[in-house]
file my_file.cif (mmCIF, C-alpha atoms and all ligand atoms)
data_structure
#
loop_
_atom_site.label_atom_id
_atom_site.label_comp_id
_atom_site.auth_asym_id
_atom_site.auth_seq_id
_atom_site.Cartn_x
_atom_site.Cartn_y
_atom_site.Cartn_z
CA MET A 1 -44.72 -27.48 102.06
CA SER A 2 -41.11 -27.18 101.04
CA GLY A 3 -40.09 -27.89 97.44
CA PRO A 4 -37.09 -29.86 96.16
CA ALA A 5 -35.12 -26.80 94.96
CA PRO A 6 -32.32 -27.11 97.58
CA VAL A 7 -31.78 -30.72 96.53
CA TRP A 8 -31.78 -29.90 92.82
CA ASP A 9 -29.37 -27.03 93.48
CA VAL A 10 -26.86 -29.50 94.88
CA ILE A 11 -27.38 -32.12 92.17
CA ASN A 12 -27.12 -29.47 89.46
CA GLY A 13 -23.91 -28.13 91.01
CA TYR A 14 -22.18 -31.30 89.82
CA ALA A 15 -23.29 -30.74 86.21
CA ALA A 16 -22.45 -27.03 86.36
CA TYR A 17 -18.88 -27.82 87.46
CA TRP A 18 -18.40 -30.20 84.55
CA ALA A 19 -19.96 -27.72 82.11
CA LEU A 20 -17.38 -25.15 83.19
CA HIS A 21 -14.62 -27.76 83.06
CA ALA A 22 -15.65 -28.69 79.49
CA ALA A 23 -15.77 -25.03 78.43
CA VAL A 24 -12.25 -24.52 79.80
CA GLU A 25 -10.99 -27.71 78.13
CA LEU A 26 -12.49 -26.57 74.82
CA GLY A 27 -11.03 -23.08 75.23
CA LEU A 28 -14.48 -21.55 74.78
CA PHE A 29 -13.75 -18.40 76.79
CA ASP A 30 -10.64 -17.74 74.68
CA HIS A 31 -12.56 -17.31 71.40
CA LEU A 32 -15.22 -14.75 72.28
CA PRO A 33 -17.15 -12.81 71.10
CA ALA A 34 -18.43 -15.29 68.51
CA THR A 35 -21.55 -17.07 67.25
CA SER A 36 -22.09 -20.73 68.12
CA ALA A 37 -21.01 -21.70 64.59
CA GLU A 38 -17.80 -19.66 64.84
CA LEU A 39 -17.12 -21.08 68.32
CA ALA A 40 -17.68 -24.65 67.10
CA GLU A 41 -15.22 -24.03 64.27
CA ALA A 42 -12.62 -22.46 66.59
CA THR A 43 -12.84 -25.14 69.31
CA GLY A 44 -13.18 -28.24 67.12
CA VAL A 45 -16.77 -29.06 68.11
CA ALA A 46 -18.64 -31.19 65.55
CA ASP A 47 -22.12 -29.70 66.00
CA PRO A 48 -22.70 -26.00 66.84
CA ALA A 49 -25.91 -27.06 68.65
CA ASP A 50 -23.68 -28.50 71.41
CA VAL A 51 -21.87 -25.18 71.76
CA THR A 52 -25.24 -23.42 72.00
CA LEU A 53 -26.39 -25.75 74.80
CA LEU A 54 -23.17 -25.36 76.77
CA ALA A 55 -23.18 -21.59 76.23
CA GLN A 56 -26.80 -21.26 77.36
CA LEU A 57 -26.03 -23.00 80.65
CA LEU A 58 -22.92 -20.86 81.16
CA ALA A 59 -25.05 -17.77 80.47
CA ALA A 60 -27.52 -19.00 83.10
CA LYS A 61 -24.57 -19.19 85.50
CA GLY A 62 -23.48 -15.62 84.76
CA LEU A 63 -20.35 -16.59 82.84
CA LEU A 64 -21.47 -15.74 79.30
CA GLU A 65 -23.68 -13.04 77.81
CA THR A 66 -25.49 -12.91 74.48
CA ASP A 67 -27.32 -10.47 72.22
CA GLY A 68 -29.26 -13.39 70.76
CA GLU A 69 -26.68 -14.05 68.05
CA ARG A 70 -23.16 -13.73 69.40
CA TRP A 71 -21.78 -14.95 72.72
CA SER A 72 -19.40 -12.86 74.80
CA ASN A 73 -17.67 -13.29 78.16
CA SER A 74 -19.33 -11.81 81.21
CA PRO A 75 -16.97 -9.47 83.13
CA ALA A 76 -16.16 -12.32 85.57
CA ALA A 77 -15.35 -14.75 82.76
CA GLU A 78 -13.25 -12.14 80.95
CA ARG A 79 -11.17 -11.64 84.08
CA PHE A 80 -10.96 -15.16 85.49
CA LEU A 81 -11.61 -17.70 82.72
CA VAL A 82 -9.57 -16.46 79.78
CA THR A 83 -6.25 -18.28 79.47
CA GLY A 84 -3.39 -15.86 79.98
CA SER A 85 -5.45 -13.22 81.82
CA PRO A 86 -3.36 -12.05 84.82
CA ALA A 87 -6.09 -13.28 87.21
CA SER A 88 -6.83 -16.47 85.25
CA MET A 89 -8.44 -19.28 87.30
CA VAL A 90 -8.27 -21.78 84.47
CA GLY A 91 -5.77 -23.99 86.36
CA LEU A 92 -7.97 -23.82 89.46
CA VAL A 93 -11.07 -24.88 87.51
CA ARG A 94 -9.16 -27.97 86.46
CA HIS A 95 -7.38 -28.83 89.73
CA SER A 96 -9.00 -27.13 92.70
CA PRO A 97 -11.45 -29.96 93.54
CA GLY A 98 -8.38 -32.19 94.00
CA PRO A 99 -8.16 -35.66 92.47
CA LYS A 100 -11.53 -36.25 90.78
CA GLN A 101 -11.69 -39.86 91.98
CA GLY A 102 -11.90 -38.67 95.61
CA TRP A 103 -15.49 -37.46 95.17
CA PRO A 104 -17.36 -40.62 94.15
CA GLU A 105 -15.41 -42.37 96.94
CA LEU A 106 -16.36 -39.79 99.59
CA ALA A 107 -18.85 -41.99 101.47
CA GLU A 108 -16.24 -44.74 101.69
CA THR A 109 -13.57 -42.22 102.79
CA ILE A 110 -15.81 -40.92 105.55
CA ARG A 111 -16.77 -44.45 106.58
CA ASN A 112 -13.10 -45.45 106.85
CA GLY A 113 -11.86 -42.15 108.24
CA ARG A 114 -9.25 -41.88 105.47
CA PRO A 115 -9.11 -41.62 101.69
CA ALA A 116 -8.05 -44.56 99.54
CA GLU A 117 -4.28 -44.76 99.17
CA GLU A 118 -4.55 -44.24 95.38
CA THR A 119 -6.49 -41.01 95.96
CA ALA A 120 -3.94 -39.66 98.46
CA ASP A 121 -1.19 -40.60 95.96
CA ALA A 122 -3.09 -38.86 93.17
CA LEU A 123 -3.21 -35.66 95.26
CA ASN A 124 0.54 -35.82 95.85
CA ALA A 125 1.06 -36.24 92.10
CA LEU A 126 -1.23 -33.27 91.46
CA TYR A 127 0.55 -30.85 93.85
CA PRO A 128 2.95 -29.33 91.28
CA GLU A 129 0.01 -28.32 89.02
CA LEU A 130 -2.16 -27.27 91.95
CA VAL A 131 0.45 -24.92 93.41
CA ALA A 132 1.34 -23.55 89.96
CA ALA A 133 -2.34 -22.62 89.53
CA THR A 134 -2.29 -20.38 92.62
CA ALA A 135 1.29 -19.08 92.38
CA ALA A 136 0.59 -15.62 90.94
CA THR A 137 -2.12 -14.86 93.50
CA GLN A 138 -0.10 -16.22 96.42
CA ALA A 139 3.01 -14.23 95.44
CA ALA A 140 0.87 -11.06 95.42
CA VAL A 141 -0.68 -11.99 98.78
CA ALA A 142 2.76 -12.63 100.27
CA ARG A 143 4.02 -9.24 99.02
CA GLY A 144 1.09 -7.57 100.79
CA VAL A 145 1.69 -9.53 103.99
CA ALA A 146 5.41 -8.65 103.99
CA ALA A 147 4.51 -4.95 103.67
CA GLU A 148 2.05 -5.37 106.54
CA LEU A 149 4.74 -6.98 108.73
CA ARG A 150 7.06 -4.04 108.09
CA THR A 151 4.35 -1.46 108.80
CA ARG A 152 3.53 -3.20 112.07
CA GLY A 153 7.19 -3.40 113.06
CA LEU A 154 7.05 -7.19 113.13
CA TRP A 155 9.77 -7.79 110.53
CA ASP A 156 12.42 -5.56 108.97
CA GLY A 157 12.88 -7.74 105.89
CA THR A 158 16.17 -9.27 107.05
CA GLY A 159 17.24 -12.61 108.51
CA LEU A 160 16.03 -16.14 107.92
CA VAL A 161 12.62 -17.03 106.46
CA VAL A 162 11.46 -20.67 106.51
CA ASP A 163 8.47 -21.84 104.45
CA LEU A 164 7.12 -25.27 105.44
CA GLY A 165 5.20 -26.77 102.49
CA CYS A 166 6.44 -24.00 100.20
CA GLY A 167 4.73 -25.37 97.05
CA SER A 168 5.55 -23.16 94.05
CA GLY A 169 7.80 -20.92 96.17
CA ALA A 170 5.33 -18.08 95.67
CA TRP A 171 5.38 -17.02 99.34
CA LEU A 172 9.19 -16.97 99.47
CA GLU A 173 9.22 -14.98 96.24
CA GLY A 174 6.54 -12.59 97.52
CA VAL A 175 8.08 -11.83 100.93
CA GLY A 176 11.41 -11.30 99.15
CA ALA A 177 13.60 -12.95 101.79
CA GLU A 178 17.35 -12.62 101.40
CA ASN A 179 18.01 -15.80 103.40
CA ALA A 180 15.26 -18.33 102.72
CA ILE A 181 14.69 -22.05 103.20
CA GLY A 182 11.76 -23.82 101.53
CA VAL A 183 10.62 -27.31 102.47
CA ASP A 184 8.41 -29.52 100.32
CA LEU A 185 8.13 -32.98 98.80
CA ALA A 186 10.90 -33.95 96.37
CA HIS A 187 8.75 -33.77 93.22
CA VAL A 188 7.40 -30.31 94.13
CA VAL A 189 10.72 -28.61 95.00
CA PRO A 190 12.14 -28.25 91.43
CA ALA A 191 9.52 -25.65 90.41
CA ALA A 192 10.07 -23.70 93.65
CA ARG A 193 13.82 -23.80 93.10
CA ALA A 194 13.32 -22.38 89.59
CA ARG A 195 11.06 -19.59 90.90
CA VAL A 196 13.32 -18.61 93.81
CA PRO A 197 16.87 -19.52 92.72
CA GLY A 198 18.47 -17.69 95.66
CA ALA A 199 16.72 -19.83 98.31
CA SER A 200 17.82 -23.17 99.78
CA PHE A 201 15.43 -26.10 99.68
CA LEU A 202 14.97 -29.24 101.73
CA GLU A 203 13.07 -32.16 100.24
CA GLY A 204 10.96 -34.45 102.39
CA ASP A 205 8.28 -34.49 105.07
CA TYR A 206 8.23 -31.11 106.82
CA LEU A 207 7.88 -32.90 110.15
CA ASP A 208 11.10 -34.84 109.56
CA VAL A 209 13.51 -32.32 108.01
CA ASP A 210 16.23 -30.93 110.23
CA LEU A 211 16.12 -27.16 110.71
CA PRO A 212 17.86 -24.97 113.30
CA ALA A 213 15.66 -24.09 116.29
CA GLY A 214 15.27 -20.46 117.41
CA LYS A 215 16.77 -18.87 114.30
CA ALA A 216 13.96 -17.84 111.93
CA ASN A 217 12.65 -14.29 111.76
CA VAL A 218 9.63 -15.48 109.76
CA VAL A 219 8.13 -18.97 109.45
CA ILE A 220 5.38 -19.59 106.90
CA LEU A 221 2.66 -22.22 107.08
CA ALA A 222 0.42 -21.36 104.14
CA HIS A 223 -2.50 -23.70 103.38
CA VAL A 224 -0.83 -26.77 104.83
CA LEU A 225 -2.33 -27.39 108.29
CA ARG A 226 -5.79 -27.99 106.77
CA ALA A 227 -4.61 -31.10 104.92
CA GLU A 228 -3.05 -32.81 107.94
CA SER A 229 -4.57 -34.93 110.71
CA ASP A 230 -5.06 -32.96 113.96
CA GLU A 231 -2.08 -34.77 115.45
CA ARG A 232 0.30 -33.92 112.60
CA ALA A 233 -1.05 -30.38 112.18
CA GLU A 234 -0.45 -29.65 115.87
CA ALA A 235 3.06 -31.17 115.66
CA LEU A 236 3.77 -28.99 112.61
CA LEU A 237 2.61 -25.85 114.38
CA ASP A 238 4.80 -26.84 117.32
CA LYS A 239 7.80 -27.29 115.03
CA ALA A 240 7.16 -23.92 113.34
CA LEU A 241 7.05 -22.14 116.72
CA HIS A 242 10.31 -23.81 117.76
CA LEU A 243 12.03 -22.51 114.62
CA LEU A 244 11.22 -18.90 115.54
CA ALA A 245 13.81 -16.53 116.98
CA ASP A 246 12.55 -14.64 120.07
CA ALA A 247 11.15 -11.73 118.06
CA GLY A 248 10.16 -13.92 115.09
CA VAL A 249 6.70 -14.16 113.61
CA LEU A 250 4.82 -17.22 112.36
CA LEU A 251 2.42 -16.71 109.44
CA VAL A 252 -0.48 -19.16 109.25
CA ALA A 253 -2.52 -18.52 106.11
CA ASP A 254 -5.73 -20.34 105.24
CA TYR A 255 -9.41 -20.23 104.41
CA PHE A 256 -10.54 -21.20 107.89
CA ARG A 257 -13.69 -23.21 108.46
CA PRO A 258 -16.18 -22.00 111.07
CA PRO A 259 -16.01 -23.71 114.47
CA ASN A 260 -18.57 -26.34 115.48
CA GLY A 261 -21.74 -25.13 117.15
CA GLU A 262 -22.44 -22.13 114.90
CA ASP A 263 -25.90 -21.41 113.50
CA THR A 264 -27.17 -22.15 109.99
CA THR A 265 -26.51 -18.61 108.73
CA THR A 266 -22.84 -18.84 109.66
CA TYR A 267 -22.49 -22.11 107.79
CA ALA A 268 -24.30 -20.68 104.75
CA ASP A 269 -21.87 -17.72 104.75
CA ALA A 270 -18.92 -20.10 105.01
CA VAL A 271 -19.91 -22.46 102.19
CA HIS A 272 -16.63 -21.81 100.32
CA ASP A 273 -14.53 -22.58 103.41
CA LEU A 274 -16.60 -25.65 104.29
CA THR A 275 -16.35 -26.94 100.73
CA LEU A 276 -12.58 -26.51 100.90
CA ALA A 277 -12.49 -28.41 104.20
CA LEU A 278 -14.52 -31.23 102.64
CA THR A 279 -12.19 -31.17 99.62
CA MET A 280 -9.37 -31.86 102.09
CA ARG A 281 -11.35 -34.73 103.61
CA ALA A 282 -11.89 -36.26 100.15
CA SER A 283 -8.18 -36.78 99.49
CA THR A 284 -6.18 -36.11 102.69
CA PRO A 285 -6.20 -36.98 106.41
CA GLY A 286 -7.30 -33.37 107.12
CA ARG A 287 -10.67 -31.72 107.62
CA GLY A 288 -9.69 -28.06 107.38
CA LEU A 289 -8.82 -25.89 110.36
CA SER A 290 -10.80 -23.41 112.44
CA GLU A 291 -9.29 -20.28 113.95
CA GLN A 292 -10.48 -21.46 117.38
CA THR A 293 -8.46 -24.68 117.07
CA LEU A 294 -5.44 -22.68 115.92
CA ALA A 295 -5.82 -20.34 118.91
CA ALA A 296 -6.07 -23.28 121.33
CA TRP A 297 -2.97 -24.96 119.88
CA CYS A 298 -1.05 -21.66 120.10
CA ALA A 299 -2.21 -20.98 123.67
CA ALA A 300 -1.09 -24.45 124.73
CA ARG A 301 2.44 -23.43 123.61
CA GLY A 302 2.44 -19.97 125.11
CA ALA A 303 1.99 -18.31 121.69
CA HIS A 304 -0.74 -15.98 120.44
CA THR A 305 -2.10 -14.30 117.32
CA ASP A 306 -0.84 -10.72 117.34
CA ALA A 307 -3.00 -9.68 114.35
CA VAL A 308 -4.94 -11.14 111.45
CA VAL A 309 -4.78 -9.73 107.94
CA GLU A 310 -7.16 -10.64 105.10
CA PRO A 311 -5.26 -9.90 101.87
CA VAL A 312 -7.96 -11.40 99.63
CA PRO A 313 -11.55 -12.09 100.72
CA ARG A 314 -11.74 -14.97 103.21
CA GLN A 315 -8.02 -15.78 102.97
CA ARG A 316 -6.83 -14.91 106.46
CA VAL A 317 -3.26 -14.72 107.65
CA HIS A 318 -2.56 -15.02 111.37
CA LEU A 319 0.58 -13.19 112.52
CA ILE A 320 1.60 -15.33 115.49
CA LYS A 321 4.18 -14.43 118.14
CA ARG A 322 5.70 -16.50 120.89
CA GLY A 323 4.78 -15.52 124.42
CA THR A 324 1.51 -14.19 125.79
CA ARG A 325 0.18 -10.75 124.95
C1 LIG B 401 -2.00 -26.38 99.26
S1 LIG B 401 -0.30 -26.47 98.93
C2 LIG B 401 0.26 -24.91 99.59
C3 LIG B 401 1.53 -24.44 98.96
C4 LIG B 401 2.04 -23.08 99.45
N1 LIG B 401 2.30 -23.07 100.87
C5 LIG B 401 1.09 -21.98 99.08
O1 LIG B 401 0.35 -21.50 99.94
O2 LIG B 401 1.06 -21.60 97.90
C6 LIG B 401 0.30 -27.63 100.13
C7 LIG B 401 1.78 -27.92 99.95
O3 LIG B 401 2.22 -28.78 101.02
C8 LIG B 401 3.11 -29.75 100.47
N2 LIG B 401 3.13 -30.93 101.33
C9 LIG B 401 2.13 -31.80 101.54
N3 LIG B 401 2.52 -32.74 102.42
C10 LIG B 401 3.79 -32.45 102.76
C11 LIG B 401 4.74 -33.04 103.64
N4 LIG B 401 4.42 -34.13 104.35
N5 LIG B 401 5.95 -32.48 103.77
C12 LIG B 401 6.28 -31.37 103.04
N6 LIG B 401 5.42 -30.75 102.20
C13 LIG B 401 4.20 -31.29 102.06
C14 LIG B 401 2.53 -30.03 99.10
O4 LIG B 401 3.46 -30.64 98.23
C15 LIG B 401 2.11 -28.63 98.65
O5 LIG B 401 3.16 -27.97 97.99
#
call {"tool": "encode", "arguments": {"input": "my_file.cif", "output": "structure tokens", "more": "lines below"}}
Ligand SMILES: C[S@@+](CC[C@H](N)C(=O)[O-])C[C@H]1O[C@@H](n2cnc3c(N)ncnc32)[C@H](O)[C@@H]1O
result
Amino acid sequence: MSGPAPVWDVINGYAAYWALHAAVELGLFDHLPATSAELAEATGVADPADVTLLAQLLAAKGLLETDGERWSNSPAAERFLVTGSPASMVGLVRHSPGPKQGWPELAETIRNGRPAEETADALNALYPELVAATAATQAAVARGVAAELRTRGLWDGTGLVVDLGCGSGAWLEGVGAENAIGVDLAHVVPAARARVPGASFLEGDYLDVDLPAGKANVVILAHVLRAESDERAEALLDKALHLLADAGVLLVADYFRPPNGEDTTTYADAVHDLTLALTMRASTPGRGLSEQTLAAWCAARGAHTDAVVEPVPRQRVHLIKRGTR
């Protein structure tokens, strides 16, 4: 007879997220090593018993360690949960699940086939913070991808680079383009402009902005197709391909979801990607993107993936060329 553990695991995941969120809000990871009493004092908690309870759960999750008296960060927490650490994920803990209201509404969203307008608006409002939270990592990823393009003879570092949905500007900064155009929504562009002062920016819907066809040496679509309806995502891919010069390369970066029809093990391995796809569904018209769908959309336009690079685990970047192999 099977037990209820898989169900409890899911229910408890909700509480574990909020425990981590609370610890980040309190700045718990920033004041270690310390006893519960010292931590309570440092973080403004009334009763040290509450710190102990929170810390015990975080220890159970592998984020804290203890010698029975003092708490300290586990190696993962030291690297990813301390504010100001170069690899800090503190912003992602706060913002990565998207607008919080999207989750209790998920059944309604799925029933209607779209999120509530207020939830979609809340995501748009959140974008500046969301893209700031990933900027350092994405700039490093983009630097690695640019080096890869040069090694493979796909780009010599010159000419026009266009980034559709450029967010923080991290990709433009990372590839180090001398002639760059970023496109994003009006309230997101100011931070990108500050990060990459030498680039030009267009504000508005990336499907509507006017850009010269056939001129770009590199076009970037990083983590944008997953949040669009199939119809708009395919139109955006089409637009990106039209922007490319003959020898240009389109970069499509994402955490791709597995295609339909895979077995249970594949889905279990892809839980991060599937959760991200569902996160899209909770607040956007998108449901994530599979590499098979991307390949079919490219093939329908006479384009193909020349190579795939994986600069950080599970983040895959398709280097797409026009024409068939
Ligand atoms: C997940 S972020 C990715 C940002 C960036 N490409 C990166 O990888 O760091 C998605 C970006 O798409 C932008 N975006 C969403 N809808 C858009 C639209 N209709 N037109 C232009 N940009 C849009 C958002 O403002 C946000 O900056």
call {"tool": "residues_near_ligand", "arguments": {"input": "my_file.cif", "ligand": "ligand LIG 401 (chain B)", "cutoff": "7 Å", "atoms": "all atoms listed in the file", "output": "PyMOL selection string"}}
result
chain A and resi 124+127-128+131+134-135+138+164-171+183-185+188+204-207+221-224
call {"tool": "residues_around", "arguments": {"input": "my_file.cif", "residues": "stretch 281-283 of chain A", "least_positions_apart": "6", "cutoff": "10 Å", "atoms": "all atoms listed in the file", "output": "number ranges by chain"}}
result
A: 97-110, 113-124, 226-229, 275
call {"tool": "residues_around", "arguments": {"input": "my_file.cif", "residues": "A:Gly182", "least_positions_apart": "4", "cutoff": "9 Å", "atoms": "all atoms listed in the file", "output": "PDB file with C-alpha atoms, in the frame of the given file"}}
result
ATOM      1  CA  VAL A 161      12.620 -17.030 106.460  1.00  0.00           C
ATOM      2  CA  VAL A 162      11.460 -20.670 106.510  1.00  0.00           C
ATOM      3  CA  ASP A 163       8.470 -21.840 104.450  1.00  0.00           C
ATOM      4  CA  LEU A 164       7.120 -25.270 105.440  1.00  0.00           C
ATOM      5  CA  GLY A 165       5.200 -26.770 102.490  1.00  0.00           C
ATOM      6  CA  CYS A 166       6.440 -24.000 100.200  1.00  0.00           C
ATOM      7  CA  GLY A 167       4.730 -25.370  97.050  1.00  0.00           C
ATOM      8  CA  GLY A 169       7.800 -20.920  96.170  1.00  0.00           C
ATOM      9  CA  LEU A 172       9.190 -16.970  99.470  1.00  0.00           C
ATOM     10  CA  VAL A 189      10.720 -28.610  95.000  1.00  0.00           C
ATOM     11  CA  ALA A 192      10.070 -23.700  93.650  1.00  0.00           C
ATOM     12  CA  ARG A 193      13.820 -23.800  93.100  1.00  0.00           C
ATOM     13  CA  ALA A 199      16.720 -19.830  98.310  1.00  0.00           C
ATOM     14  CA  SER A 200      17.820 -23.170  99.780  1.00  0.00           C
ATOM     15  CA  PHE A 201      15.430 -26.100  99.680  1.00  0.00           C
ATOM     16  CA  LEU A 202      14.970 -29.240 101.730  1.00  0.00           C
ATOM     17  CA  GLU A 203      13.070 -32.160 100.240  1.00  0.00           C
TER      18      GLU A 203
END
call {"tool": "residues_near_point", "arguments": {"input": "my_file.cif", "point": "(16.3, -16.7, 104.4)", "cutoff": "12 Å", "atoms": "only C-alpha atoms", "output": "short mmCIF file (atom, residue, chain, number, x, y, z; two decimals) with C-alpha atoms, in the coordinates of the input"}}
result
data_model
loop_
_atom_site.label_atom_id
_atom_site.label_comp_id
_atom_site.auth_asym_id
_atom_site.auth_seq_id
_atom_site.Cartn_x
_atom_site.Cartn_y
_atom_site.Cartn_z
CA GLY A 157 12.88 -7.74 105.89
CA THR A 158 16.17 -9.27 107.05
CA GLY A 159 17.24 -12.61 108.51
CA LEU A 160 16.03 -16.14 107.92
CA VAL A 161 12.62 -17.03 106.46
CA VAL A 162 11.46 -20.67 106.51
CA ASP A 163 8.47 -21.84 104.45
CA LEU A 172 9.19 -16.97 99.47
CA GLU A 173 9.22 -14.98 96.24
CA VAL A 175 8.08 -11.83 100.93
CA GLY A 176 11.41 -11.30 99.15
CA ALA A 177 13.60 -12.95 101.79
CA GLU A 178 17.35 -12.62 101.40
CA ASN A 179 18.01 -15.80 103.40
CA ALA A 180 15.26 -18.33 102.72
CA ILE A 181 14.69 -22.05 103.20
CA GLY A 182 11.76 -23.82 101.53
CA VAL A 196 13.32 -18.61 93.81
CA GLY A 198 18.47 -17.69 95.66
CA ALA A 199 16.72 -19.83 98.31
CA SER A 200 17.82 -23.17 99.78
CA PHE A 201 15.43 -26.10 99.68
CA LYS A 215 16.77 -18.87 114.30
CA ALA A 216 13.96 -17.84 111.93
CA ASN A 217 12.65 -14.29 111.76
CA VAL A 218 9.63 -15.48 109.76
CA VAL A 219 8.13 -18.97 109.45
CA ILE A 220 5.38 -19.59 106.90
#
call {"tool": "closest_residue", "arguments": {"input": "my_file.cif", "among": "A:Ala19, A:Leu64, A:Leu225, A:Val249", "to": "A:Ala34", "atoms": "all atoms listed in the file"}}
result
A:Leu64
call {"tool": "atom_distance", "arguments": {"input": "my_file.cif", "atom1": "atom CA of A:Lys239", "atom2": "atom CA of A:Leu211"}}
result
9.4 Å
